[in-house]
$ cat protein17.txt   # compact mmCIF, C-alpha atoms and all ligand atoms
# COMPACT_ATOMS: atom_id res chain seq x y z
CA MET W 1 14.81 28.64 11.84
CA GLU W 2 12.44 25.72 11.29
CA ASP W 3 11.46 24.41 7.87
CA LEU W 4 7.70 24.76 7.61
CA LEU W 5 4.63 26.09 9.39
CA ILE W 6 1.20 24.87 8.27
CA ARG W 7 -1.11 27.41 9.84
CA ASN W 8 -4.68 27.03 11.08
CA GLY W 9 -5.69 23.84 9.29
CA LEU W 10 -8.50 21.53 10.32
CA LEU W 11 -6.49 18.55 11.55
CA LEU W 12 -8.06 15.14 11.04
CA GLY W 13 -7.16 12.10 13.10
CA ALA W 14 -8.96 8.77 13.48
CA SER W 15 -8.89 9.02 17.27
CA THR W 16 -8.76 12.80 17.70
CA GLY W 17 -11.50 13.83 15.27
CA ALA W 18 -11.21 17.32 13.73
CA GLN W 19 -9.55 20.28 15.43
CA ARG W 20 -7.97 23.57 14.35
CA ALA W 21 -4.21 23.65 14.85
CA ASP W 22 -0.85 24.67 13.44
CA ILE W 23 1.80 22.12 12.52
CA VAL W 24 5.53 22.80 12.62
CA VAL W 25 7.81 20.63 10.49
CA ASP W 26 11.56 20.45 10.68
CA LYS W 27 14.12 18.05 9.22
CA GLY W 28 11.43 15.75 7.83
CA ARG W 29 9.49 15.33 11.04
CA ILE W 30 6.54 16.95 12.78
CA VAL W 31 7.98 19.03 15.60
CA SER W 32 4.81 20.39 17.17
CA VAL W 33 1.05 20.39 16.76
CA GLY W 34 -1.04 23.10 18.39
CA ALA W 35 -1.38 26.86 18.42
CA VAL W 36 1.85 28.51 17.30
CA GLY W 37 0.47 32.05 17.13
CA THR W 38 3.04 34.55 15.95
CA MET W 39 6.01 32.84 17.55
CA GLY W 40 8.96 31.38 15.70
CA ALA W 41 10.57 31.85 12.31
CA PHE W 42 10.00 29.50 9.41
CA ARG W 43 11.55 29.03 6.00
CA ARG W 44 8.07 28.58 4.64
CA GLU W 45 4.50 29.16 5.82
CA MET W 46 1.30 27.69 4.41
CA ASP W 47 -2.15 29.03 5.20
CA ALA W 48 -4.41 26.00 5.66
CA SER W 49 -7.55 27.87 6.82
CA ASN W 50 -9.61 26.40 3.98
CA HIS W 51 -8.09 22.95 4.16
CA ALA W 52 -8.37 19.70 6.02
CA VAL W 53 -4.92 18.60 7.12
CA MET W 54 -4.52 14.84 7.39
CA PRO W 55 -1.86 12.17 7.48
CA GLY W 56 -0.93 10.97 3.99
CA PHE W 57 -2.53 7.67 3.01
CA VAL W 58 -0.61 4.47 3.66
CA ASN W 59 -1.25 1.95 0.89
CA CYS W 60 -0.56 -1.42 2.53
CA HIS W 61 -0.53 -3.67 -0.52
CA GLY W 62 0.28 -3.43 -4.20
CA HIS W 63 2.40 -4.13 -7.22
CA ALA W 64 3.15 -0.63 -8.49
CA ALA W 65 4.45 -1.38 -11.98
CA MET W 66 1.26 -3.29 -12.78
CA THR W 67 -0.03 0.12 -13.82
CA LEU W 68 1.40 -0.94 -17.20
CA LEU W 69 -1.19 -3.75 -17.30
CA ARG W 70 -4.15 -1.55 -16.36
CA GLY W 71 -7.25 -2.56 -18.30
CA ILE W 72 -5.80 -5.87 -19.54
CA GLY W 73 -7.73 -9.09 -18.89
CA ASP W 74 -10.57 -7.37 -17.08
CA ASP W 75 -13.53 -9.43 -15.90
CA LEU W 76 -11.74 -12.79 -15.63
CA PRO W 77 -11.38 -15.10 -12.60
CA LEU W 78 -8.12 -14.65 -10.63
CA HIS W 79 -6.29 -17.77 -11.80
CA GLN W 80 -7.18 -17.33 -15.47
CA TRP W 81 -6.37 -13.62 -15.21
CA LEU W 82 -2.98 -14.39 -13.66
CA GLU W 83 -1.96 -17.34 -15.82
CA GLU W 84 -3.27 -16.24 -19.23
CA GLU W 85 -3.11 -12.45 -19.08
CA MET W 86 -0.64 -11.28 -16.43
CA TRP W 87 2.22 -13.79 -16.30
CA PRO W 88 2.97 -13.90 -20.08
CA ARG W 89 3.24 -10.11 -20.13
CA GLU W 90 5.22 -9.98 -16.90
CA ASP W 91 7.72 -12.35 -18.55
CA ARG W 92 8.48 -9.55 -21.02
CA LEU W 93 9.07 -6.93 -18.31
CA ASP W 94 12.54 -5.49 -17.86
CA GLY W 95 14.02 -3.03 -15.40
CA GLU W 96 13.18 -0.04 -17.58
CA ALA W 97 9.51 -1.01 -17.91
CA VAL W 98 9.23 -1.60 -14.16
CA TYR W 99 10.87 1.76 -13.51
CA TRP W 100 8.40 3.67 -15.70
CA GLY W 101 5.42 1.63 -14.47
CA THR W 102 6.43 2.50 -10.92
CA MET W 103 6.92 6.18 -11.81
CA LEU W 104 3.40 6.20 -13.26
CA ALA W 105 2.06 4.60 -10.06
CA ILE W 106 3.90 7.12 -7.90
CA ALA W 107 2.53 10.04 -9.91
CA GLU W 108 -1.01 8.67 -9.52
CA MET W 109 -0.55 7.92 -5.81
CA LEU W 110 0.96 11.28 -4.89
CA LYS W 111 -1.81 13.15 -6.71
CA SER W 112 -4.43 11.20 -4.77
CA GLY W 113 -2.85 11.77 -1.36
CA THR W 114 -0.85 8.58 -0.81
CA THR W 115 2.51 9.19 0.85
CA THR W 116 3.56 5.59 1.63
CA PHE W 117 3.08 2.60 -0.64
CA THR W 118 3.89 -1.08 -0.38
CA ASP W 119 5.32 -3.05 -3.27
CA MET W 120 6.08 -6.68 -4.03
CA TYR W 121 7.46 -7.18 -7.52
CA PHE W 122 10.56 -7.82 -9.66
CA PHE W 123 13.43 -5.57 -10.81
CA MET W 124 13.18 -4.03 -7.36
CA ASP W 125 16.37 -1.97 -7.72
CA ASP W 126 14.53 -0.02 -10.41
CA VAL W 127 11.53 0.40 -8.10
CA ALA W 128 13.81 1.63 -5.30
CA ARG W 129 15.45 4.06 -7.72
CA ALA W 130 12.02 5.50 -8.60
CA VAL W 131 11.20 5.87 -4.90
CA GLU W 132 14.54 7.53 -4.20
CA GLU W 133 14.11 10.01 -7.06
CA THR W 134 10.47 10.96 -6.48
CA GLY W 135 10.53 11.58 -2.72
CA ILE W 136 7.65 9.22 -1.80
CA ARG W 137 7.94 6.69 1.06
CA ALA W 138 7.78 2.95 0.32
CA VAL W 139 7.98 -0.52 1.79
CA LEU W 140 9.54 -2.77 -0.84
CA SER W 141 9.91 -6.51 -1.32
CA ARG W 142 11.32 -8.66 -4.04
CA GLY W 143 8.62 -11.24 -4.81
CA MET W 144 9.85 -14.75 -3.94
CA ILE W 145 8.56 -18.07 -5.23
CA GLY W 146 10.00 -21.45 -4.26
CA THR W 147 8.54 -24.92 -4.16
CA SER W 148 11.70 -27.06 -4.03
CA GLU W 149 15.02 -26.84 -2.22
CA GLU W 150 17.00 -25.66 -5.28
CA GLU W 151 14.35 -23.44 -6.79
CA GLY W 152 14.09 -20.12 -5.08
CA SER W 153 17.62 -20.04 -3.68
CA SER W 154 18.68 -17.30 -6.07
CA ARG W 155 15.60 -15.28 -5.12
CA MET W 156 16.56 -15.73 -1.47
CA GLU W 157 20.04 -14.35 -2.22
CA ASP W 158 18.59 -11.52 -4.34
CA SER W 159 16.29 -10.61 -1.48
CA GLU W 160 19.12 -10.56 1.03
CA GLU W 161 21.19 -8.30 -1.22
CA PHE W 162 18.17 -6.08 -1.82
CA VAL W 163 17.69 -5.70 1.95
CA ARG W 164 21.37 -4.82 2.42
CA ARG W 165 21.33 -2.27 -0.40
CA TRP W 166 18.06 -0.49 0.29
CA HIS W 167 16.70 -1.03 3.82
CA GLY W 168 16.70 2.42 5.45
CA ALA W 169 17.91 4.10 2.24
CA ALA W 170 16.75 7.44 0.78
CA GLY W 171 16.96 9.11 4.19
CA GLY W 172 14.88 6.35 5.76
CA ARG W 173 12.07 6.62 3.20
CA ILE W 174 12.67 3.08 1.96
CA SER W 175 12.06 0.06 4.18
CA VAL W 176 12.50 -3.45 2.90
CA MET W 177 10.56 -6.59 3.81
CA LEU W 178 10.93 -10.12 2.56
CA GLY W 179 8.13 -11.02 0.15
CA PRO W 180 7.35 -14.73 -0.25
CA HIS W 181 4.46 -14.63 -2.73
CA ALA W 182 1.92 -17.02 -1.16
CA PRO W 183 1.54 -20.46 0.45
CA TYR W 184 0.41 -21.88 -2.93
CA THR W 185 3.58 -20.70 -4.72
CA CYS W 186 6.01 -21.31 -1.83
CA SER W 187 6.39 -24.62 0.02
CA GLU W 188 6.19 -24.72 3.81
CA THR W 189 9.92 -25.54 3.93
CA TYR W 190 10.68 -22.54 1.75
CA LEU W 191 8.55 -20.31 3.99
CA SER W 192 10.54 -21.59 7.00
CA ARG W 193 13.77 -20.55 5.29
CA VAL W 194 12.27 -17.10 4.63
CA ALA W 195 11.33 -16.87 8.33
CA ASN W 196 14.94 -17.63 9.31
CA LEU W 197 16.31 -15.09 6.85
CA SER W 198 13.87 -12.47 8.12
CA ALA W 199 15.09 -13.04 11.68
CA ARG W 200 18.73 -12.89 10.62
CA LEU W 201 18.22 -9.63 8.67
CA ALA W 202 15.78 -8.18 11.25
CA VAL W 203 13.17 -7.21 8.64
CA PRO W 204 9.42 -7.97 8.55
CA VAL W 205 7.68 -10.12 5.95
CA GLN W 206 4.73 -9.58 3.62
CA THR W 207 2.79 -12.27 1.80
CA HIS W 208 -0.60 -13.09 0.27
CA ILE W 209 -2.85 -15.43 2.29
CA SER W 210 -6.25 -16.99 1.46
CA GLU W 211 -7.15 -14.70 -1.40
CA THR W 212 -9.67 -17.11 -2.96
CA GLU W 213 -11.75 -20.17 -2.15
CA HIS W 214 -9.84 -21.98 -4.92
CA GLU W 215 -6.54 -21.37 -3.10
CA VAL W 216 -7.90 -22.58 0.24
CA GLU W 217 -9.53 -25.70 -1.25
CA THR W 218 -6.31 -26.55 -3.14
CA MET W 219 -4.22 -26.24 0.03
CA LEU W 220 -6.72 -28.28 2.05
CA ALA W 221 -6.69 -31.03 -0.60
CA ARG W 222 -2.91 -31.00 -0.95
CA HIS W 223 -1.83 -30.57 2.69
CA GLY W 224 -4.95 -30.92 4.84
CA LYS W 225 -4.30 -27.43 6.17
CA THR W 226 -5.59 -23.94 5.40
CA PRO W 227 -3.10 -21.39 4.01
CA VAL W 228 -3.19 -19.67 7.42
CA GLU W 229 -2.22 -22.94 9.13
CA ILE W 230 0.56 -23.59 6.61
CA VAL W 231 2.05 -20.14 7.17
CA ARG W 232 1.76 -20.56 10.94
CA ASP W 233 3.45 -23.98 10.87
CA SER W 234 6.30 -22.59 8.74
CA GLY W 235 7.26 -20.23 11.57
CA LEU W 236 6.65 -17.16 9.42
CA MET W 237 4.05 -15.86 11.89
CA ASP W 238 6.71 -15.73 14.61
CA ARG W 239 8.13 -12.83 12.60
CA PRO W 240 6.39 -9.45 12.05
CA LEU W 241 4.10 -10.44 9.16
CA ILE W 242 1.56 -8.53 7.06
CA ALA W 243 -0.84 -10.75 5.12
CA ALA W 244 -2.66 -9.40 2.09
CA HIS W 245 -6.29 -10.34 1.39
CA CYS W 246 -7.34 -12.98 4.01
CA VAL W 247 -10.65 -13.26 2.16
CA ASP W 248 -11.51 -16.94 2.64
CA LEU W 249 -10.74 -17.55 6.31
CA ARG W 250 -11.93 -20.85 7.79
CA GLN W 251 -12.77 -22.00 11.30
CA GLY W 252 -9.95 -21.00 13.66
CA ASP W 253 -8.01 -18.89 11.11
CA ILE W 254 -9.01 -15.53 12.64
CA GLU W 255 -7.91 -16.74 16.09
CA ILE W 256 -4.52 -17.78 14.70
CA LEU W 257 -3.98 -14.41 12.99
CA ALA W 258 -4.99 -12.59 16.19
CA GLU W 259 -2.87 -14.73 18.49
CA LYS W 260 0.21 -14.42 16.24
CA GLU W 261 -0.36 -10.65 15.83
CA VAL W 262 -0.31 -10.94 12.05
CA THR W 263 -1.47 -7.68 10.46
CA VAL W 264 -3.78 -7.69 7.45
CA ALA W 265 -3.89 -5.63 4.25
CA HIS W 266 -7.52 -5.36 3.15
CA ASN W 267 -7.93 -4.78 -0.60
CA PRO W 268 -11.69 -4.50 -1.14
CA GLY W 269 -11.54 -3.18 -4.73
CA SER W 270 -9.29 -5.96 -6.01
CA ASN W 271 -11.17 -8.67 -4.10
CA LEU W 272 -14.47 -7.48 -5.57
CA LYS W 273 -13.18 -7.09 -9.12
CA LEU W 274 -11.60 -10.55 -9.20
CA GLY W 275 -14.75 -12.01 -7.67
CA SER W 276 -12.71 -13.33 -4.75
CA GLY W 277 -15.25 -12.29 -2.16
CA ILE W 278 -15.34 -10.05 0.89
CA ALA W 279 -12.77 -10.49 3.67
CA PRO W 280 -14.24 -10.95 7.17
CA ILE W 281 -12.80 -7.63 8.36
CA PRO W 282 -15.40 -7.00 11.10
CA GLY W 283 -14.46 -10.37 12.65
CA LEU W 284 -10.73 -9.59 12.41
CA LEU W 285 -11.19 -6.15 13.99
CA GLU W 286 -13.30 -7.67 16.76
CA LYS W 287 -10.38 -9.96 17.67
CA GLY W 288 -7.99 -6.99 17.72
CA VAL W 289 -6.16 -7.70 14.43
CA VAL W 290 -4.53 -4.55 12.99
CA VAL W 291 -5.98 -4.02 9.51
CA GLY W 292 -4.61 -1.58 6.91
CA LEU W 293 -6.02 -0.76 3.50
CA GLY W 294 -4.47 -1.43 0.10
CA THR W 295 -5.28 -1.00 -3.55
CA ASP W 296 -3.40 -4.08 -4.83
CA GLY W 297 -1.98 -3.70 -8.37
CA ALA W 298 -3.67 -1.41 -10.88
CA ALA W 299 -4.48 -4.38 -13.13
CA SER W 300 -7.03 -5.64 -10.60
CA ASN W 301 -8.52 -2.42 -9.28
CA ASN W 302 -7.98 -0.50 -11.75
CA ASN W 303 -6.65 2.61 -10.00
CA LEU W 304 -4.50 3.39 -6.96
CA ASP W 305 -7.02 5.68 -5.29
CA MET W 306 -7.10 5.14 -1.51
CA MET W 307 -10.23 7.30 -1.18
CA GLU W 308 -12.15 4.87 -3.35
CA GLU W 309 -10.71 2.03 -1.26
CA MET W 310 -11.88 3.74 1.96
CA ARG W 311 -15.36 4.12 0.57
CA LEU W 312 -15.51 0.50 -0.58
CA ALA W 313 -14.29 -0.72 2.83
CA ALA W 314 -16.86 1.44 4.58
CA LEU W 315 -19.72 0.24 2.36
CA ILE W 316 -19.27 -3.43 1.48
CA HIS W 317 -19.20 -4.81 5.02
CA LYS W 318 -22.32 -2.86 5.94
CA GLY W 319 -24.11 -4.18 2.88
CA ALA W 320 -22.88 -7.77 3.02
CA ASN W 321 -23.72 -8.09 6.72
CA ARG W 322 -26.85 -5.88 6.59
CA GLN W 323 -25.39 -3.91 9.46
CA PRO W 324 -24.88 -0.15 8.95
CA THR W 325 -22.86 0.15 12.17
CA LEU W 326 -19.91 -1.91 10.88
CA LEU W 327 -16.65 -0.16 9.92
CA PRO W 328 -17.62 3.43 10.77
CA ALA W 329 -15.83 6.33 9.05
CA GLU W 330 -13.25 6.74 11.86
CA THR W 331 -12.25 3.07 11.63
CA VAL W 332 -11.85 3.19 7.88
CA PHE W 333 -9.95 6.49 8.00
CA SER W 334 -7.56 4.88 10.47
CA MET W 335 -7.13 1.83 8.23
CA ALA W 336 -5.98 4.21 5.49
CA THR W 337 -3.59 6.13 7.77
CA GLU W 338 -2.70 5.28 11.37
CA ALA W 339 -3.60 1.57 11.43
CA GLY W 340 -1.98 1.30 7.99
CA GLY W 341 1.30 2.53 9.44
CA ARG W 342 1.03 0.00 12.28
CA ALA W 343 0.14 -2.78 9.85
CA LEU W 344 3.43 -2.08 8.05
CA PHE W 345 5.36 -1.93 11.34
CA LEU W 346 6.24 1.74 10.71
CA ASP W 347 5.72 3.33 14.12
CA ASP W 348 6.25 6.96 13.04
CA VAL W 349 3.98 7.01 9.97
CA GLY W 350 0.22 7.61 9.59
CA ARG W 351 -0.29 10.11 12.42
CA LEU W 352 0.08 13.89 12.78
CA GLU W 353 1.96 13.93 16.07
CA PRO W 354 5.26 15.38 17.26
CA GLY W 355 8.07 12.99 16.38
CA CYS W 356 6.23 11.42 13.45
CA ARG W 357 7.43 11.65 9.86
CA ALA W 358 6.05 14.78 8.17
CA ASP W 359 3.83 12.97 5.64
CA ILE W 360 0.97 15.42 5.37
CA VAL W 361 -1.89 16.05 2.94
CA LEU W 362 -3.90 19.27 2.61
CA MET W 363 -7.38 18.75 1.17
CA CYS W 364 -9.43 21.60 -0.32
CA LEU W 365 -12.70 21.95 1.55
CA ASN W 366 -14.09 24.70 -0.64
CA ARG W 367 -16.05 22.25 -2.80
CA PRO W 368 -19.79 21.69 -3.33
CA HIS W 369 -19.52 17.99 -2.48
CA LEU W 370 -17.72 18.75 0.82
CA THR W 371 -20.25 21.38 1.93
CA PRO W 372 -21.62 21.96 4.56
CA ALA W 373 -18.84 21.26 7.04
CA ASN W 374 -20.94 19.03 9.26
CA ASN W 375 -18.43 16.24 9.65
CA ILE W 376 -15.19 16.61 7.71
CA LEU W 377 -13.78 13.21 8.67
CA SER W 378 -16.95 11.58 7.35
CA HIS W 379 -16.62 13.69 4.17
CA MET W 380 -13.10 12.32 3.62
CA VAL W 381 -14.43 8.74 3.68
CA TYR W 382 -17.82 9.13 2.01
CA ALA W 383 -17.57 12.18 -0.26
CA ALA W 384 -14.02 13.30 -1.08
CA GLN W 385 -12.26 12.82 -4.43
CA PRO W 386 -8.58 12.74 -5.43
CA SER W 387 -9.09 16.08 -7.19
CA ASP W 388 -9.63 17.60 -3.72
CA VAL W 389 -5.96 16.94 -2.90
CA ASP W 390 -4.17 20.28 -2.84
CA THR W 391 -0.78 19.74 -1.19
CA VAL W 392 1.18 16.57 -0.47
CA ILE W 393 4.25 16.58 1.75
CA VAL W 394 6.48 13.55 2.31
CA ASP W 395 9.28 13.66 4.86
CA GLY W 396 8.81 17.43 5.02
CA ARG W 397 9.27 17.88 1.27
CA VAL W 398 6.44 19.39 -0.79
CA LEU W 399 5.75 17.04 -3.72
CA VAL W 400 2.28 18.19 -4.80
CA GLU W 401 1.03 21.76 -4.74
CA GLY W 402 -2.26 23.10 -6.10
CA GLY W 403 -2.99 19.50 -7.11
CA ARG W 404 0.05 19.38 -9.41
CA LEU W 405 3.27 17.40 -9.15
CA VAL W 406 5.96 19.90 -8.23
CA GLU W 407 9.09 17.99 -9.24
CA LEU W 408 7.94 15.29 -11.65
CA ASP W 409 7.34 15.60 -15.38
CA GLU W 410 3.91 14.02 -15.61
CA GLU W 411 3.70 14.15 -19.43
CA LYS W 412 7.03 12.38 -19.82
CA ILE W 413 6.10 9.71 -17.27
CA MET W 414 2.83 8.97 -19.11
CA ALA W 415 4.57 8.83 -22.51
CA GLU W 416 7.31 6.47 -21.27
CA ALA W 417 4.76 4.26 -19.50
CA GLU W 418 2.68 4.09 -22.68
CA ARG W 419 5.75 3.05 -24.66
CA CYS W 420 6.70 0.35 -22.12
CA ALA W 421 3.12 -0.96 -22.05
CA ARG W 422 3.18 -1.41 -25.86
CA GLN W 423 6.49 -3.22 -25.57
CA ILE W 424 5.34 -5.82 -23.02
CA SER W 425 2.13 -6.41 -24.94
CA GLY W 426 4.31 -7.46 -27.87
CA ASP W 427 2.91 -4.55 -29.88
CA ASN W 428 5.85 -2.49 -31.10
CA ASN W 429 3.92 -0.54 -33.71
CA GLY W 430 2.34 1.77 -31.20
CA GLY W 431 -1.39 2.49 -31.25
ZN ZN R 1 -0.90 -8.71 -4.32
$ encode --input "protein17.txt" --output "structure tokens"
Amino acid sequence: MEDLLIRNGLLLGASTGAQRADIVVDKGRIVSVGAVGTMGAFRREMDASNHAVMPGFVNCHGHAAMTLLRGIGDDLPLHQWLEEEMWPREDRLDGEAVYWGTMLAIAEMLKSGTTTFTDMYFFMDDVARAVEETGIRAVLSRGMIGTSEEEGSSRMEDSEEFVRRWHGAAGGRISVMLGPHAPYTCSETYLSRVANLSARLAVPVQTHISETEHEVETMLARHGKTPVEIVRDSGLMDRPLIAAHCVDLRQGDIEILAEKEVTVAHNPGSNLKLGSGIAPIPGLLEKGVVVGLGTDGAASNNNLDMMEEMRLAALIHKGANRQPTLLPAETVFSMATEAGGRALFLDDVGRLEPGCRADIVLMCLNRPHLTPANNILSHMVYAAQPSDVDTVIVDGRVLVEGGRLVELDEEKIMAEAERCARQISGDNNGG
């Protein structure tokens, strides 16, 4: 007997469009896609006749526990926001706060259809514990900073231990990458050491590259090279590497990223809010760079809603370039699902195909704003809302049903997150 039959849903795929089909899930994976009819026996059946059935969203970049800092230091430039508002509060974080901040992020992400998220932060054992307990899938990195030979060594050791403890854990739901923060917080020598460690441990790497003009100008003044060139020269691009942002790319940078097969996490909401600019995504796509979509942390977004991110990605490049043909709905839908999986080097995530992980979302179509059913894939990008999410399945396990978290205590998570947020703001009196 197989685990689950999802019957007669409208399957959405970036390359396949929309088609009616049944999906059979067993032992955490999709076993078959097509017409099942009356054959077979299943522990559970779901009627998806009124639903779109799509791969869960893959959030390619973020800092989950920054949910605790949501709404703090809004409307400031990146460096002032980081140095004056974020870092002093992050200094007061502990494992418990990171755990509850991550739980809050996971609750928000699951309810809005995200089944895989990416994280670079601190107290990562507590993040991994939250992932293990909740059933979501995640790609985790301990953030690493190092500008001198001595500094950063302990973070290198921490990262290695974190890889050994958690890579492939929780039934394969947790993958670990190394996470050197950025070329302006890590020296080229340090990045080279990270590249060597990544090769030795056989794990990919994630980092931030060229988020702002300020960063690029600083690197050019200091080293005579762009951040992209620094990362290339460090050897880090000879490893599987996903680069977040890539907003301010200079002459030749796109060619380097394409040639080195670096993948990119595009975070339009965060880049817009921090006034960083608009990444040259059409140019990257034209050169064949794999681009996924991310929300970044909730302090610079200020939510973790991948549908909003899809809509921003679909709109801003059209507007900025005065070209309505750029980033069509299929491309953006792929960035949030299939291309997102590839950007994270997860080859069995982001698609509804036999052999892939059973990370599946059922969206209610019986809604005024999704009617008429002219083009459901377009509706998902241009019209859908998180409240349309009905069912969320990760690794074959049903985590959201009827729009509600099945296993998690949402009220408790919000109360604990509220308490931790007061604590790191240095406000212990509540209110
Ligand atoms: Zn980031």
$ residues_around --input "protein17.txt" --residues "region 271-287 of chain W" --least-positions-apart "2" --cutoff "8 Å" --atoms "all atoms listed in the file" --output "short mmCIF file (atom, residue, chain, number, x, y, z; two decimals) with C-alpha atoms, in the frame of the given file"
data_model
loop_
_atom_site.label_atom_id
_atom_site.label_comp_id
_atom_site.auth_asym_id
_atom_site.auth_seq_id
_atom_site.Cartn_x
_atom_site.Cartn_y
_atom_site.Cartn_z
CA ASP W 75 -13.53 -9.43 -15.90
CA LEU W 76 -11.74 -12.79 -15.63
CA PRO W 77 -11.38 -15.10 -12.60
CA LEU W 78 -8.12 -14.65 -10.63
CA GLU W 211 -7.15 -14.70 -1.40
CA THR W 212 -9.67 -17.11 -2.96
CA GLU W 213 -11.75 -20.17 -2.15
CA HIS W 245 -6.29 -10.34 1.39
CA CYS W 246 -7.34 -12.98 4.01
CA VAL W 247 -10.65 -13.26 2.16
CA ASP W 248 -11.51 -16.94 2.64
CA LEU W 249 -10.74 -17.55 6.31
CA ILE W 254 -9.01 -15.53 12.64
CA GLU W 255 -7.91 -16.74 16.09
CA ALA W 258 -4.99 -12.59 16.19
CA HIS W 266 -7.52 -5.36 3.15
CA ASN W 267 -7.93 -4.78 -0.60
CA PRO W 268 -11.69 -4.50 -1.14
CA GLY W 269 -11.54 -3.18 -4.73
CA VAL W 289 -6.16 -7.70 14.43
CA VAL W 290 -4.53 -4.55 12.99
CA VAL W 291 -5.98 -4.02 9.51
CA SER W 300 -7.03 -5.64 -10.60
CA ASN W 301 -8.52 -2.42 -9.28
CA ILE W 316 -19.27 -3.43 1.48
CA HIS W 317 -19.20 -4.81 5.02
CA LEU W 326 -19.91 -1.91 10.88
CA LEU W 327 -16.65 -0.16 9.92
#
$ closest_residue --input "protein17.txt" --among "W:Leu140, W:Ala244, W:Ala18, W:Ile230" --to "ligand ZN 1 (chain R)" --atoms "all atoms listed in the file"
W:Ala244
$ atom_distance --input "protein17.txt" --atom1 "CA of Gly171 (chain W)" --atom2 "CA of Asn196 (chain W)"
27.3 Å
$ residues_near_ligand --input "protein17.txt" --ligand "ligand ZN 1 (chain R)" --cutoff "7 Å" --atoms "all atoms listed in the file" --output "PyMOL selection string"
chain W and resi 61-63+208+244+296-297
$ closest_residue --input "protein17.txt" --among "W:Pro386, W:Gly9, W:Gly350, W:Pro372" --to "Glu309 (chain W)" --atoms "only C-alpha atoms"
W:Pro386
$ closest_atom_pairs --input "protein17.txt" --of "region 235-335 of chain W" --to "region 47-56 of chain W" --cutoff "12 Å" --atoms "only C-alpha atoms" --output "Markdown table"
| residue | atom | partner | partner_atom | distance |
| --- | --- | --- | --- | --- |
| W:Met306 | CA | W:Gly56 | CA | 10.1 |
| W:Met307 | CA | W:Gly56 | CA | 11.3 |
| W:Phe333 | CA | W:Pro55 | CA | 9.9 |
| W:Ser334 | CA | W:Pro55 | CA | 9.7 |
| W:Met335 | CA | W:Pro55 | CA | 11.6 |
$ write_last_selection --input "protein17.txt" --atoms "C-alpha atoms" --output "PDB file, in the frame of the given file"
ATOM      1  CA  MET W 306      -7.100   5.140  -1.510  1.00  0.00           C
ATOM      2  CA  MET W 307     -10.230   7.300  -1.180  1.00  0.00           C
ATOM      3  CA  PHE W 333      -9.950   6.490   8.000  1.00  0.00           C
ATOM      4  CA  SER W 334      -7.560   4.880  10.470  1.00  0.00           C
ATOM      5  CA  MET W 335      -7.130   1.830   8.230  1.00  0.00           C
TER       6      MET W 335
END
$ build_atoms --input "protein17.txt" --residues "region 372-383 of chain W" --atoms "N, CA and C atoms" --output "short mmCIF file (atom, residue, chain, number, x, y, z; two decimals), keeping the file's coordinate frame"
data_model
loop_
_atom_site.label_atom_id
_atom_site.label_comp_id
_atom_site.auth_asym_id
_atom_site.auth_seq_id
_atom_site.Cartn_x
_atom_site.Cartn_y
_atom_site.Cartn_z
N PRO W 372 -22.21 21.14 3.49
CA PRO W 372 -21.62 21.96 4.56
C PRO W 372 -20.63 21.15 5.40
N ALA W 373 -19.91 21.88 6.25
CA ALA W 373 -18.84 21.26 7.04
C ALA W 373 -19.37 20.57 8.29
N ASN W 374 -20.34 19.71 8.10
CA ASN W 374 -20.94 19.03 9.26
C ASN W 374 -20.00 18.04 9.92
N ASN W 375 -19.30 17.27 9.11
CA ASN W 375 -18.43 16.24 9.65
C ASN W 375 -17.34 15.94 8.62
N ILE W 376 -16.22 16.65 8.76
CA ILE W 376 -15.19 16.61 7.71
C ILE W 376 -14.56 15.23 7.60
N LEU W 377 -14.38 14.53 8.74
CA LEU W 377 -13.78 13.21 8.67
C LEU W 377 -14.69 12.25 7.88
N SER W 378 -15.98 12.36 8.12
CA SER W 378 -16.95 11.58 7.35
C SER W 378 -16.87 11.95 5.87
N HIS W 379 -16.73 13.25 5.57
CA HIS W 379 -16.62 13.69 4.17
C HIS W 379 -15.42 13.03 3.49
N MET W 380 -14.31 12.89 4.23
CA MET W 380 -13.10 12.32 3.62
C MET W 380 -13.35 10.87 3.20
N VAL W 381 -14.16 10.15 3.99
CA VAL W 381 -14.43 8.74 3.68
C VAL W 381 -15.55 8.60 2.64
N TYR W 382 -16.62 9.38 2.82
CA TYR W 382 -17.82 9.13 2.01
C TYR W 382 -18.01 10.07 0.82
N ALA W 383 -17.25 11.19 0.77
CA ALA W 383 -17.57 12.18 -0.26
C ALA W 383 -16.37 12.73 -1.03
#
